[in-house]
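Enquirer: You'll find work-v3.cif just under this line, and it carries mmCIF, C-alpha atoms and all ligand atoms.
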```cif
data_structure
#
loop_
_atom_site.label_atom_id
_atom_site.label_comp_id
_atom_site.auth_asym_id
_atom_site.auth_seq_id
_atom_site.Cartn_x
_atom_site.Cartn_y
_atom_site.Cartn_z
CA MET E 81 28.95 6.70 -5.14
CA LYS E 82 28.20 5.75 -8.72
CA GLU E 83 27.28 8.63 -10.95
CA LYS E 84 24.03 7.06 -12.08
CA ILE E 85 22.34 3.83 -11.16
CA ASN E 86 20.31 1.09 -12.77
CA ILE E 87 17.08 0.25 -11.00
CA LEU E 88 14.83 -2.78 -11.25
CA LEU E 89 11.31 -2.09 -9.99
CA LEU E 90 9.23 -5.19 -9.23
CA GLY E 91 5.48 -5.17 -9.72
CA SER E 92 2.85 -4.28 -12.28
CA GLY E 93 0.18 -2.08 -10.75
CA GLY E 94 -0.73 1.57 -10.44
CA ARG E 95 1.56 1.82 -7.42
CA GLU E 96 4.55 0.67 -9.45
CA CYS E 97 3.60 2.95 -12.34
CA ALA E 98 3.53 5.97 -10.02
CA MET E 99 6.92 4.96 -8.60
CA ALA E 100 8.29 4.41 -12.10
CA TRP E 101 7.03 7.87 -13.15
CA LYS E 102 8.78 9.43 -10.16
CA ILE E 103 12.00 7.42 -10.52
CA SER E 104 12.15 8.32 -14.23
CA GLN E 105 12.48 12.00 -13.31
CA SER E 106 15.62 11.45 -11.26
CA PRO E 107 18.98 12.79 -12.41
CA ARG E 108 20.47 9.84 -10.48
CA LEU E 109 18.88 7.29 -12.83
CA GLU E 110 20.72 5.51 -15.65
CA THR E 111 18.11 2.93 -16.68
CA LEU E 112 14.85 1.81 -15.07
CA TYR E 113 13.46 -1.66 -15.69
CA VAL E 114 10.00 -2.67 -14.54
CA ALA E 115 9.11 -6.33 -14.10
CA PRO E 116 6.62 -7.54 -15.14
CA GLY E 117 5.14 -4.05 -15.67
CA ASN E 118 2.20 -3.12 -17.85
CA ALA E 119 1.60 -0.81 -20.83
CA ALA E 120 2.91 2.27 -18.97
CA PRO E 121 5.50 4.43 -20.73
CA TYR E 122 7.92 4.63 -17.78
CA GLY E 123 10.91 2.31 -17.70
CA GLU E 124 11.71 -0.71 -19.84
CA ARG E 125 9.30 -3.56 -19.43
CA VAL E 126 10.85 -6.91 -18.54
CA SER E 127 9.00 -10.19 -18.55
CA LEU E 128 10.11 -11.55 -15.21
CA ASP E 129 8.21 -13.06 -12.29
CA PRO E 130 9.10 -11.14 -9.09
CA MET E 131 8.67 -14.38 -7.12
CA ASP E 132 11.28 -16.22 -9.20
CA PHE E 133 14.33 -15.00 -7.28
CA PRO E 134 16.97 -16.93 -9.28
CA ALA E 135 15.57 -15.42 -12.51
CA VAL E 136 15.63 -11.95 -10.91
CA LYS E 137 19.26 -12.60 -9.93
CA ASP E 138 20.22 -13.55 -13.49
CA PHE E 139 18.66 -10.35 -14.77
CA VAL E 140 20.36 -8.26 -12.10
CA GLU E 141 23.74 -9.67 -13.10
CA GLU E 142 23.11 -9.35 -16.82
CA LYS E 143 22.07 -5.70 -16.64
CA GLY E 144 24.26 -4.52 -13.78
CA ILE E 145 21.33 -3.55 -11.59
CA ASP E 146 22.34 -1.46 -8.56
CA MET E 147 19.01 -1.31 -6.76
CA ILE E 148 15.84 -3.42 -6.62
CA VAL E 149 12.72 -1.58 -5.51
CA VAL E 150 10.05 -4.05 -4.43
CA GLY E 151 6.49 -2.84 -5.04
CA PRO E 152 4.22 -5.61 -3.70
CA GLU E 153 4.44 -7.53 -0.40
CA ASN E 154 4.68 -11.10 -1.66
CA PRO E 155 8.36 -11.11 -2.67
CA LEU E 156 9.24 -9.41 0.63
CA VAL E 157 7.31 -11.90 2.74
CA ALA E 158 8.95 -14.69 0.72
CA GLY E 159 12.40 -13.27 1.54
CA ILE E 160 13.70 -11.47 -1.55
CA ALA E 161 15.78 -9.08 0.58
CA ASP E 162 17.40 -12.03 2.40
CA PHE E 163 18.05 -13.75 -0.94
CA PHE E 164 20.18 -10.80 -2.11
CA GLU E 165 21.81 -10.18 1.28
CA GLY E 166 25.58 -9.84 0.86
CA SER E 167 25.43 -9.27 -2.90
CA ASP E 168 26.15 -5.94 -4.60
CA VAL E 169 22.57 -5.11 -5.39
CA LYS E 170 20.64 -3.09 -2.78
CA VAL E 171 17.08 -4.17 -2.08
CA ILE E 172 14.55 -1.57 -0.94
CA GLY E 173 12.27 -3.54 1.34
CA PRO E 174 12.61 -5.49 4.58
CA GLY E 175 13.85 -9.05 4.99
CA LYS E 176 11.55 -11.92 5.89
CA GLU E 177 11.57 -11.12 9.61
CA GLY E 178 10.51 -7.50 9.16
CA ALA E 179 7.99 -8.45 6.48
CA ARG E 180 6.11 -10.45 9.14
CA LEU E 181 4.58 -7.12 10.16
CA GLU E 182 2.39 -7.64 7.11
CA GLY E 183 2.79 -11.39 6.51
CA SER E 184 1.36 -12.37 9.90
CA LYS E 185 -1.43 -10.41 11.57
CA GLU E 186 -0.77 -12.36 14.76
CA PHE E 187 2.89 -11.32 14.75
CA ALA E 188 1.91 -7.70 14.07
CA LYS E 189 -0.60 -7.62 16.93
CA GLU E 190 1.81 -9.23 19.37
CA PHE E 191 4.55 -6.83 18.25
CA MET E 192 2.25 -3.89 18.99
CA VAL E 193 1.44 -5.27 22.42
CA ARG E 194 5.15 -5.80 23.19
CA HIS E 195 5.89 -2.18 22.29
CA ALA E 196 2.75 -0.58 23.72
CA ILE E 197 1.58 0.66 20.31
CA PRO E 198 -2.14 1.56 20.30
CA THR E 199 -4.28 -1.01 18.47
CA ALA E 200 -7.61 -2.78 18.89
CA ARG E 201 -7.92 -5.49 21.59
CA PHE E 202 -7.58 -8.92 20.03
CA MET E 203 -7.22 -12.64 20.45
CA SER E 204 -5.42 -14.98 18.12
CA VAL E 205 -7.19 -18.33 17.57
CA THR E 206 -6.44 -21.73 16.00
CA GLU E 207 -8.49 -24.96 15.75
CA GLU E 208 -7.15 -25.92 19.19
CA THR E 209 -8.32 -22.70 20.86
CA LEU E 210 -11.64 -22.34 19.00
CA GLU E 211 -13.59 -22.59 22.26
CA GLN E 212 -11.75 -19.61 23.81
CA GLY E 213 -12.19 -17.75 20.52
CA MET E 214 -15.96 -18.21 20.74
CA HIS E 215 -15.91 -16.87 24.31
CA PHE E 216 -13.84 -13.88 23.24
CA LEU E 217 -16.37 -13.13 20.49
CA GLU E 218 -19.15 -13.27 23.09
CA SER E 219 -17.28 -10.70 25.19
CA LEU E 220 -17.18 -8.19 22.31
CA LYS E 221 -19.83 -5.81 21.04
CA PRO E 222 -20.84 -6.03 17.36
CA PRO E 223 -19.66 -5.65 14.68
CA TYR E 224 -17.07 -8.43 14.83
CA VAL E 225 -13.73 -8.27 13.02
CA LEU E 226 -12.07 -11.51 11.86
CA LYS E 227 -8.69 -11.50 10.13
CA ALA E 228 -6.83 -14.33 8.45
CA ASP E 229 -3.33 -14.36 9.92
CA GLY E 230 -1.50 -14.77 6.61
CA LEU E 231 -1.57 -13.05 3.23
CA ALA E 232 -4.94 -13.49 1.52
CA ALA E 233 -4.64 -11.09 -1.43
CA GLY E 234 -6.34 -8.32 0.55
CA LYS E 235 -9.46 -10.40 1.15
CA GLY E 236 -8.62 -11.84 4.55
CA VAL E 237 -10.58 -9.39 6.71
CA ILE E 238 -14.26 -10.09 7.34
CA ILE E 239 -16.53 -7.84 9.39
CA LEU E 240 -19.83 -9.29 10.61
CA ASP E 241 -22.82 -7.75 12.33
CA SER E 242 -24.22 -10.75 14.17
CA LEU E 243 -22.55 -12.95 16.75
CA ALA E 244 -23.94 -16.11 15.13
CA ASP E 245 -22.46 -15.17 11.73
CA ALA E 246 -19.17 -14.27 13.37
CA LYS E 247 -18.99 -17.67 15.07
CA ASP E 248 -19.80 -19.52 11.84
CA THR E 249 -17.27 -17.50 9.88
CA LEU E 250 -14.59 -18.08 12.52
CA SER E 251 -15.10 -21.84 12.14
CA ASP E 252 -15.08 -21.59 8.34
CA MET E 253 -11.90 -19.55 8.32
CA LEU E 254 -10.11 -21.99 10.62
CA SER E 255 -11.14 -24.90 8.45
CA GLY E 256 -9.52 -23.49 5.35
CA MET E 257 -11.60 -20.62 3.93
CA PHE E 258 -8.33 -18.90 2.94
CA GLY E 259 -6.21 -22.04 2.89
CA SER E 260 -3.28 -22.01 5.28
CA ALA E 261 -3.53 -18.19 5.57
CA SER E 262 -6.50 -18.63 7.91
CA ALA E 263 -5.19 -21.58 9.97
CA THR E 264 -4.75 -18.83 12.56
CA VAL E 265 -7.38 -16.10 12.86
CA VAL E 266 -7.11 -12.82 14.71
CA ILE E 267 -10.36 -11.68 16.32
CA GLU E 268 -10.41 -7.95 16.93
CA GLU E 269 -12.49 -5.41 18.71
CA PHE E 270 -14.15 -3.09 16.15
CA LEU E 271 -12.82 0.45 16.12
CA SER E 272 -14.99 3.25 14.85
CA GLY E 273 -13.44 6.25 13.15
CA ILE E 274 -11.99 7.56 9.92
CA GLU E 275 -8.93 5.89 8.39
CA CYS E 276 -5.77 7.25 6.87
CA SER E 277 -2.51 5.85 5.53
CA VAL E 278 0.82 7.06 6.86
CA PHE E 279 3.98 6.12 4.99
CA VAL E 280 7.34 5.86 6.70
CA VAL E 281 10.57 5.27 4.85
CA THR E 282 13.47 4.03 6.98
CA ASP E 283 17.08 2.97 6.64
CA GLY E 284 16.94 1.08 9.93
CA GLU E 285 18.28 4.05 11.91
CA ASP E 286 16.49 7.14 10.73
CA TYR E 287 13.18 7.70 9.06
CA LYS E 288 11.19 10.20 7.02
CA LEU E 289 7.45 10.56 6.61
CA LEU E 290 5.94 10.80 3.14
CA PRO E 291 2.70 12.70 2.42
CA VAL E 292 -0.31 11.26 4.27
CA ALA E 293 -3.12 9.80 2.15
CA LYS E 294 -6.56 8.24 2.44
CA ASP E 295 -7.89 5.51 0.21
CA TYR E 296 -11.42 4.41 -0.69
CA LYS E 297 -11.75 0.63 -0.56
CA ARG E 298 -15.42 -0.11 -1.23
CA VAL E 299 -16.62 -0.48 -4.79
CA GLY E 300 -19.76 1.65 -4.40
CA GLU E 301 -20.36 5.35 -3.91
CA GLY E 302 -20.69 6.40 -0.27
CA ASP E 303 -18.38 3.53 0.78
CA THR E 304 -20.87 0.77 0.06
CA GLY E 305 -20.58 -2.69 -1.49
CA LEU E 306 -17.67 -5.07 -1.69
CA ASN E 307 -14.07 -4.35 -0.74
CA THR E 308 -11.68 -3.76 -3.61
CA GLY E 309 -7.97 -3.15 -3.94
CA GLY E 310 -8.85 0.55 -3.80
CA MET E 311 -11.05 2.80 -5.94
CA GLY E 312 -9.24 6.08 -5.38
CA ALA E 313 -7.18 8.13 -2.96
CA VAL E 314 -6.51 11.64 -1.76
CA SER E 315 -3.63 13.53 -0.19
CA PRO E 316 -3.28 15.49 2.05
CA VAL E 317 -5.72 14.38 4.72
CA PRO E 318 -7.03 17.44 6.61
CA PHE E 319 -7.73 15.62 9.89
CA ALA E 320 -4.13 14.35 9.98
CA ASP E 321 -3.06 17.76 11.24
CA GLU E 322 0.04 18.64 13.22
CA ALA E 323 -1.40 17.57 16.58
CA PHE E 324 -2.63 14.22 15.22
CA MET E 325 0.66 13.55 13.41
CA GLN E 326 2.65 14.32 16.54
CA LYS E 327 0.69 11.56 18.30
CA VAL E 328 1.32 9.25 15.34
CA VAL E 329 5.06 9.90 15.54
CA ASP E 330 5.31 9.62 19.34
CA ARG E 331 3.01 6.66 19.87
CA ILE E 332 3.36 4.68 16.66
CA VAL E 333 6.21 5.55 14.29
CA GLU E 334 9.02 5.84 16.82
CA PRO E 335 7.93 2.91 19.01
CA THR E 336 7.62 0.76 15.87
CA LEU E 337 11.15 1.57 14.73
CA ALA E 338 12.53 1.20 18.25
CA GLY E 339 10.68 -2.12 18.57
CA LEU E 340 12.19 -3.46 15.36
CA LYS E 341 15.66 -2.48 16.56
CA ALA E 342 15.12 -3.95 20.01
CA GLU E 343 14.06 -7.23 18.40
CA GLY E 344 17.14 -7.26 16.19
CA ILE E 345 15.17 -6.81 12.98
CA LYS E 346 17.06 -4.75 10.44
CA TYR E 347 14.45 -2.91 8.42
CA LYS E 348 15.18 -0.92 5.28
CA GLY E 349 12.25 0.17 3.22
CA PHE E 350 8.71 1.41 3.52
CA ILE E 351 6.35 0.94 6.44
CA PHE E 352 2.73 1.66 5.66
CA LEU E 353 0.68 2.37 8.78
CA GLY E 354 -3.02 1.80 8.26
CA LEU E 355 -4.41 4.04 10.98
CA ILE E 356 -7.81 4.87 12.34
CA ASN E 357 -8.61 8.13 14.07
CA VAL E 358 -10.72 7.27 17.09
CA GLU E 359 -11.85 10.62 18.49
CA GLY E 360 -8.53 12.24 17.77
CA GLU E 361 -6.45 9.28 18.96
CA PRO E 362 -4.57 7.27 16.31
CA GLN E 363 -4.71 3.47 16.50
CA VAL E 364 -3.09 0.94 14.19
CA ILE E 365 -5.44 -1.13 12.03
CA GLU E 366 -2.60 -2.81 10.18
CA TYR E 367 1.01 -2.64 9.12
CA ASN E 368 2.07 -3.14 5.54
CA VAL E 369 5.68 -3.44 4.48
CA ARG E 370 5.30 -1.67 1.14
CA MET E 371 3.61 1.40 -0.27
CA GLY E 372 -0.18 1.46 -0.63
CA ASP E 373 -2.12 1.17 -3.83
CA PRO E 374 -3.78 3.55 -4.84
CA GLU E 375 -2.24 5.82 -2.17
CA THR E 376 1.10 5.83 -4.02
CA GLU E 377 -0.69 7.41 -6.97
CA VAL E 378 -1.23 10.55 -4.85
CA VAL E 379 1.84 10.29 -2.61
CA MET E 380 4.40 10.25 -5.46
CA PRO E 381 2.87 13.29 -7.19
CA ARG E 382 3.00 15.19 -3.89
CA LEU E 383 6.63 14.24 -3.21
CA LYS E 384 8.75 17.08 -4.48
CA SER E 385 12.09 15.57 -3.50
CA ASP E 386 13.97 13.11 -5.69
CA LEU E 387 12.79 9.57 -4.92
CA VAL E 388 16.02 7.91 -6.08
CA ASP E 389 18.07 10.15 -3.78
CA LEU E 390 15.77 9.14 -0.92
CA LEU E 391 16.04 5.44 -1.78
CA GLU E 392 19.83 5.71 -1.94
CA GLY E 393 19.57 7.15 1.56
CA VAL E 394 17.71 4.00 2.60
CA ALA E 395 20.22 1.69 0.94
CA ASP E 396 23.33 3.49 2.21
CA GLU E 397 21.90 4.37 5.63
CA THR E 398 22.23 8.10 5.00
CA LEU E 399 18.55 8.94 5.27
CA SER E 400 19.26 11.42 8.08
CA ILE E 401 20.80 13.85 5.60
CA LYS E 402 18.02 13.54 3.02
CA GLN E 403 15.10 15.87 2.55
CA VAL E 404 11.43 15.16 2.02
CA GLN E 405 9.66 18.14 0.50
CA GLU E 406 5.94 18.05 -0.14
CA ASP E 407 4.06 19.73 -2.93
CA GLU E 408 1.59 22.25 -1.50
CA ARG E 409 -1.11 21.19 -3.89
CA ALA E 410 -3.73 18.55 -3.18
CA ALA E 411 -3.85 15.40 -5.30
CA VAL E 412 -6.79 13.09 -5.98
CA THR E 413 -6.69 9.85 -7.90
CA VAL E 414 -9.72 8.14 -9.40
CA MET E 415 -9.33 4.49 -10.36
CA LEU E 416 -10.95 3.31 -13.58
CA THR E 417 -12.04 -0.29 -13.19
CA SER E 418 -13.48 -3.01 -15.39
CA GLY E 419 -17.26 -3.38 -15.02
CA GLY E 420 -18.02 -6.21 -12.61
CA TYR E 421 -14.84 -5.83 -10.53
CA PRO E 422 -14.20 -6.98 -7.79
CA GLY E 423 -16.32 -9.87 -9.11
CA ASP E 424 -15.96 -11.29 -12.63
CA TYR E 425 -15.07 -8.86 -15.39
CA GLU E 426 -13.89 -8.89 -18.99
CA LYS E 427 -10.37 -8.05 -20.15
CA GLY E 428 -8.71 -7.16 -23.43
CA LYS E 429 -10.82 -4.04 -24.10
CA LEU E 430 -9.25 -1.39 -26.31
CA MET E 431 -8.65 1.84 -24.38
CA THR E 432 -9.42 5.27 -25.80
CA LEU E 433 -6.75 7.66 -24.55
CA PRO E 434 -7.44 11.23 -25.70
CA ALA E 435 -4.56 13.74 -25.85
CA GLN E 436 -3.07 13.99 -22.39
CA THR E 437 -3.71 17.03 -20.22
CA ASP E 438 -1.86 17.77 -16.99
CA VAL E 439 -3.75 14.90 -15.34
CA LEU E 440 -1.41 11.97 -14.72
CA ARG E 441 -2.28 8.52 -16.04
CA PHE E 442 -0.93 5.67 -13.95
CA HIS E 443 -1.46 2.34 -15.63
CA ALA E 444 -2.61 -0.55 -13.43
CA GLY E 445 -4.21 -3.50 -15.27
CA THR E 446 -3.14 -2.62 -18.81
CA LYS E 447 -1.11 -4.36 -21.49
CA PRO E 448 0.32 -3.23 -24.80
CA GLY E 449 -1.70 -4.13 -27.89
CA GLU E 450 -0.79 -3.92 -31.60
CA GLY E 451 0.65 -0.68 -32.96
CA GLY E 452 0.81 1.23 -29.69
CA ALA E 453 -2.72 0.34 -28.58
CA VAL E 454 -3.42 -0.12 -24.89
CA LEU E 455 -5.69 -2.94 -23.74
CA THR E 456 -7.31 -3.55 -20.37
CA ALA E 457 -5.80 -6.47 -18.50
CA GLY E 458 -7.20 -6.38 -14.97
CA GLY E 459 -9.88 -5.21 -12.56
CA ARG E 460 -8.20 -1.97 -11.66
CA VAL E 461 -7.20 -0.53 -15.01
CA MET E 462 -5.84 3.00 -14.65
CA ALA E 463 -5.45 5.57 -11.88
CA LEU E 464 -6.02 9.17 -12.97
CA THR E 465 -4.33 11.68 -10.68
CA ALA E 466 -4.99 15.40 -10.76
CA TYR E 467 -3.54 18.25 -8.74
CA GLY E 468 -5.62 21.12 -7.43
CA ALA E 469 -5.31 24.18 -5.23
CA ASP E 470 -7.56 22.21 -2.87
CA ILE E 471 -9.06 18.74 -2.72
CA ARG E 472 -12.28 19.81 -4.42
CA GLU E 473 -10.46 21.19 -7.45
CA ALA E 474 -8.20 18.14 -7.73
CA ALA E 475 -11.21 15.82 -7.54
CA ALA E 476 -13.11 17.73 -10.23
CA LYS E 477 -10.13 17.51 -12.59
CA ALA E 478 -9.58 13.80 -11.95
CA LEU E 479 -13.28 13.12 -12.56
CA ALA E 480 -13.30 15.07 -15.81
CA GLU E 481 -10.40 12.92 -16.99
CA ALA E 482 -12.23 9.78 -15.86
CA GLU E 483 -15.01 10.75 -18.29
CA ARG E 484 -12.51 11.24 -21.15
CA VAL E 485 -10.43 8.07 -20.87
CA ASP E 486 -12.64 5.25 -22.02
CA PHE E 487 -13.11 1.54 -22.58
CA ASP E 488 -16.00 -0.83 -22.81
CA GLY E 489 -17.46 -1.47 -19.34
CA LYS E 490 -15.56 1.34 -17.60
CA TYR E 491 -16.60 2.02 -13.99
CA PHE E 492 -15.37 4.50 -11.40
CA ARG E 493 -16.53 6.18 -8.21
CA HIS E 494 -17.61 9.82 -8.46
CA ASP E 495 -17.27 10.54 -4.74
CA ILE E 496 -13.56 9.97 -4.10
CA SER E 497 -12.39 12.53 -1.49
CA ARG E 498 -15.85 14.05 -1.09
CA ASP E 499 -15.88 13.34 2.67
CA LEU E 500 -12.76 15.48 3.03
CA GLN E 501 -13.87 18.41 0.89
CA LYS E 502 -14.68 21.62 2.68
P1 LIG E 601 -6.99 -4.73 6.46
O1 LIG E 601 -6.98 -5.79 5.42
O2 LIG E 601 -6.32 -5.06 7.74
O3 LIG E 601 -6.63 -3.38 5.88
O4 LIG E 601 -8.52 -4.53 6.85
C1 LIG E 601 -9.44 -4.15 5.88
C2 LIG E 601 -10.33 -3.08 6.42
O5 LIG E 601 -11.11 -3.61 7.49
C3 LIG E 601 -9.61 -1.90 7.02
O6 LIG E 601 -9.19 -0.96 6.09
C4 LIG E 601 -10.67 -1.35 7.94
O7 LIG E 601 -11.59 -0.57 7.20
C5 LIG E 601 -11.38 -2.59 8.41
N1 LIG E 601 -10.89 -2.99 9.74
C6 LIG E 601 -9.87 -3.79 10.01
N2 LIG E 601 -9.70 -3.93 11.33
C7 LIG E 601 -10.65 -3.17 11.93
C8 LIG E 601 -11.01 -2.89 13.28
N3 LIG E 601 -10.38 -3.45 14.32
N4 LIG E 601 -12.03 -2.05 13.49
C9 LIG E 601 -12.71 -1.49 12.46
N5 LIG E 601 -12.43 -1.74 11.17
C10 LIG E 601 -11.41 -2.55 10.90
N1 LIG E 602 -4.68 0.76 -0.27
C1 LIG E 602 -4.45 -0.23 0.71
C2 LIG E 602 -3.35 -1.14 0.41
O1 LIG E 602 -2.53 -0.91 -0.45
O2 LIG E 602 -3.25 -2.14 1.10
#
```
Just give me the structure as structure tokens.
Expert:
Amino acid sequence: MKEKINILLLGSGGRECAMAWKISQSPRLETLYVAPGNAAPYGERVSLDPMDFPAVKDFVEEKGIDMIVVGPENPLVAGIADFFEGSDVKVIGPGKEGARLEGSKEFAKEFMVRHAIPTARFMSVTEETLEQGMHFLESLKPPYVLKADGLAAGKGVIILDSLADAKDTLSDMLSGMFGSASATVVIEEFLSGIECSVFVVTDGEDYKLLPVAKDYKRVGEGDTGLNTGGMGAVSPVPFADEAFMQKVVDRIVEPTLAGLKAEGIKYKGFIFLGLINVEGEPQVIEYNVRMGDPETEVVMPRLKSDLVDLLEGVADETLSIKQVQEDERAAVTVMLTSGGYPGDYEKGKLMTLPAQTDVLRFHAGTKPGEGGAVLTAGGRVMALTAYGADIREAAAKALAEAERVDFDGKYFRHDISRDLQK
């Protein structure tokens, strides 16, 4: 084993910033590069497109990169792990086949059926089977859940209250509402319950669970308004207690890993289980093949163990001897967003960053300005993560920091984690 390693982290959001913060603390790290990154102070920023695999390869060779950690799903679905297969660099993330768990909702649903993993009843529809799709919709109770099969930048799920709207939307989706991503549409039975995010890290043989989190997707307080990339997150999740997690492990985590093996899919990386608790019974809403954003902004702070050591366990298939220790404290992250997001918003606003307290600042849509200034550069701008003895205390600290950090048009939700506070 090399004494210290060089890591290239791909991505530019709050998730990658939280990973970069954690990786930077590792005694196993020589140099961390982040591509394309943002204005965050962790790692060296490299101007490189994660989807341009030959350019990534040139950089890997030039800098002697030992490990590539892939933040977002797109490079994985496009096959970055396969591209580097057989070379010296280790990629943390599944190959194209495994990435279909996220890249194709139809594949994911059929996989769950094959391996008896609990999930909502569904039917997968194309132009040719539209008629059957309409009948299936008629057989369901409202609301109606329609999902574009392919990647649609997190916007591919539409939930409708009326059957007529659901039928219209199904037709619209099939005729190109999300381009080729909705040439196939998965119609699902609606499940009612509270959601949580479970993160599994696997080397293809063994696995470890990371701290459980819950995110807040809607833009408005009380979970109202449009869906966003995520307005905040909390960890731990009180209802994901020992009994619930045992069901998750027995019915979902282990059958998923056994299913991948049985289908000959070598999977090394993260599996993000989007779960819903239906009267104490976990069901899978979706698989993702990466960490969640903004969940990572609470998961990394609650991970006591060395992340690089864990990732080396994934790469070298020695995860069984690694440890995952969790911080006892609760963590809450509040996302500062640009006014107008997820609709139109302005960028390039100068950020006011008062002297830092013990609240963590994970940059998302930021870019460096002149003379050390930080400018806004996206809808989700910065995730502020605080620890607390309990969720309430962590939330209060994160909110106080959300008042301090400032920029023109700043918006954030004041009720992140409130539903889980005692
Ligand atoms: P996804 O893009 O798959 O995460 O879906 C977006 C959101 O839609 C999820 O986080 C859930 O809140 C909701 N959703 C998806 N599928 C269902 C379902 N079958 N029943 C209820 N809500 C769902
Ligand atoms: N927070 C949900 C996601 O990353 O997809």
Enquirer: Identify, on the basis of only C-alpha atoms, every residue whose closest approach to Ala188 of chain E does not exceed 12 Å; exclude the query and any residue fewer than 4 positions from it along the same chain; express the result as a PyMOL selection string.
Expert: chain E and resi 177-184+192-195+197-200+202+204+227+229-230+266+336+339-340+353+364-369
Enquirer: Taking all atoms listed in the file into account, which residues have an atom no farther than 8 Å from ligand LIG 601 (chain E)? I'd like them as a list in words.
Expert: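 Counting only what the definition allows, namely all atoms listed in the file, the set is Thr199, Ala200, Arg201, Val225, Leu226, Lys227, Gly234, Lys235, Gly236, Val237, Ile238, Ile239, Glu268, Glu269, Phe270, Leu271, Ser272, Gly273, Glu275, Lys297, Gly354, Ile365, Glu366 and Tyr367 of chain E.
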Enquirer: Could I get the residues of chain E with an atom no further than 12 Å from an atom of ligand LIG 602 (chain E), each paired with its nearest atom pair and that distance in Å to one decimal, using all atoms listed in the file, sorted by chain and residue number, as CSV?
Expert:
```
residue,atom,partner,partner_atom,distance
E:Gly93,CA,E:LIG602,O1,10.7
E:Gly94,CA,E:LIG602,O1,10.4
E:Arg95,CA,E:LIG602,O1,8.5
E:Glu96,CA,E:LIG602,O1,11.6
E:Gly151,CA,E:LIG602,O1,10.3
E:Pro152,CA,E:LIG602,O1,8.8
E:Glu153,CA,E:LIG602,O2,9.5
E:Glu182,CA,E:LIG602,O2,9.9
E:Leu231,CA,E:LIG602,O2,11.2
E:Ala232,CA,E:LIG602,O2,11.5
E:Ala233,CA,E:LIG602,O2,9.4
E:Gly234,CA,E:LIG602,O2,6.9
E:Lys235,CA,E:LIG602,O2,10.3
E:Gly236,CA,E:LIG602,O2,11.6
E:Val237,CA,E:LIG602,O2,11.7
E:Glu275,CA,E:LIG602,C1,10.8
E:Cys276,CA,E:LIG602,N1,9.7
E:Ser277,CA,E:LIG602,C1,8.0
E:Val278,CA,E:LIG602,C1,10.9
E:Phe279,CA,E:LIG602,O1,11.0
E:Ala293,CA,E:LIG602,N1,9.5
E:Lys294,CA,E:LIG602,N1,8.2
E:Asp295,CA,E:LIG602,N1,5.8
E:Tyr296,CA,E:LIG602,N1,7.7
E:Lys297,CA,E:LIG602,N1,7.1
E:Arg298,CA,E:LIG602,N1,10.8
E:Asn307,CA,E:LIG602,C1,10.6
E:Thr308,CA,E:LIG602,N1,9.0
E:Gly309,CA,E:LIG602,N1,6.3
E:Gly310,CA,E:LIG602,N1,5.5
E:Met311,CA,E:LIG602,N1,8.8
E:Gly312,CA,E:LIG602,N1,8.7
E:Ala313,CA,E:LIG602,N1,8.2
E:Val314,CA,E:LIG602,N1,11.1
E:Ile351,CA,E:LIG602,O1,11.4
E:Phe352,CA,E:LIG602,O2,8.4
E:Leu353,CA,E:LIG602,O2,9.7
E:Gly354,CA,E:LIG602,C1,7.9
E:Leu355,CA,E:LIG602,C1,11.1
E:Ile365,CA,E:LIG602,O2,11.2
E:Glu366,CA,E:LIG602,O2,9.1
E:Tyr367,CA,E:LIG602,O2,9.1
E:Asn368,CA,E:LIG602,O2,7.0
E:Val369,CA,E:LIG602,O2,9.6
E:Arg370,CA,E:LIG602,O1,8.0
E:Met371,CA,E:LIG602,O1,6.6
E:Gly372,CA,E:LIG602,O1,3.3
E:Asp373,CA,E:LIG602,O1,4.0
E:Pro374,CA,E:LIG602,N1,5.4
E:Glu375,CA,E:LIG602,N1,5.9
E:Thr376,CA,E:LIG602,O1,8.4
E:Glu377,CA,E:LIG602,N1,10.2
E:Val378,CA,E:LIG602,N1,11.3
E:Val379,CA,E:LIG602,N1,11.8
E:Met415,CA,E:LIG602,N1,11.7
```
Enquirer: Could you name the residues that touch Arg484 of chain E at 12 Å or less, counting only C-alpha atoms, but leaving out those on the same chain fewer than 6 positions away, as a compact mmCIF listing (two decimals) with C-alpha atoms, in the coordinates of the input?
Expert:
```txt
# COMPACT_ATOMS: atom_id res chain seq x y z
CA LEU E 416 -10.95 3.31 -13.58
CA MET E 431 -8.65 1.84 -24.38
CA THR E 432 -9.42 5.27 -25.80
CA LEU E 433 -6.75 7.66 -24.55
CA PRO E 434 -7.44 11.23 -25.70
CA ALA E 435 -4.56 13.74 -25.85
CA GLN E 436 -3.07 13.99 -22.39
CA THR E 437 -3.71 17.03 -20.22
CA VAL E 439 -3.75 14.90 -15.34
CA ARG E 441 -2.28 8.52 -16.04
CA LEU E 464 -6.02 9.17 -12.97
CA LYS E 477 -10.13 17.51 -12.59
CA ALA E 478 -9.58 13.80 -11.95
CA LYS E 490 -15.56 1.34 -17.60
```
Enquirer: Which one of E:Lys185, E:Lys502, E:Arg460, E:Lys447 sits closest to Val317 of chain E if you count only C-alpha atoms?
Expert: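 The shortest atom-to-atom distance to Val317 of chain E comes from E:Lys502.
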Enquirer: At most 10 Å from (13.6, -3.2, -9.3), file frame, only C-alpha atoms: which residues, as a list in words?
Expert: Asn86, Ile87, Leu88, Leu89, Leu90, Gly91, Glu96, Ala100, Leu112, Tyr113, Val114, Ala115, Pro130, Val136, Val140, Ile145, Asp146, Met147, Ile148, Val149, Val150, Gly151, Val169, Lys170, Val171 and Ile172 of chain E
